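A.B. asks: Right, I'll just put the structure down here and ask away after.
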Amino acid sequence: MNEQQVKDLLAAISHQTAAMNRLAESNEALVAIIYQSMAEEIETTTLDSPAHTYLSGKTRG
């Protein structure tokens, strides 16, 4: 491999690394959005349902 080929390879690896970093950041953002929406859904579901019931729906106590 000559010097120019090495420089081209290093540049390509650098661009690939930058692209991978952007992909990782977008994945993190997507996971955060999914987590937030699921947490809100769980919170809403928990608030709407009675806290002290059996599976049959009868209240405990």
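Going through the structure tokens in order, the chains are called A, B, and so on, while each chain numbers its residues from 1 and the ligands are numbered from 1 in the order shown.
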Can you list every residue in chain A that DSSP puts in alpha helix (DSSP H), as a ChimeraX atom specification?

C.D. replies: /A:3-48

A.B. asks: Report, in Å to a single decimal, how far apart CA of Met20 in chain A and CA of Ser37 in chain A are.

C.D. replies: 25.8 Å
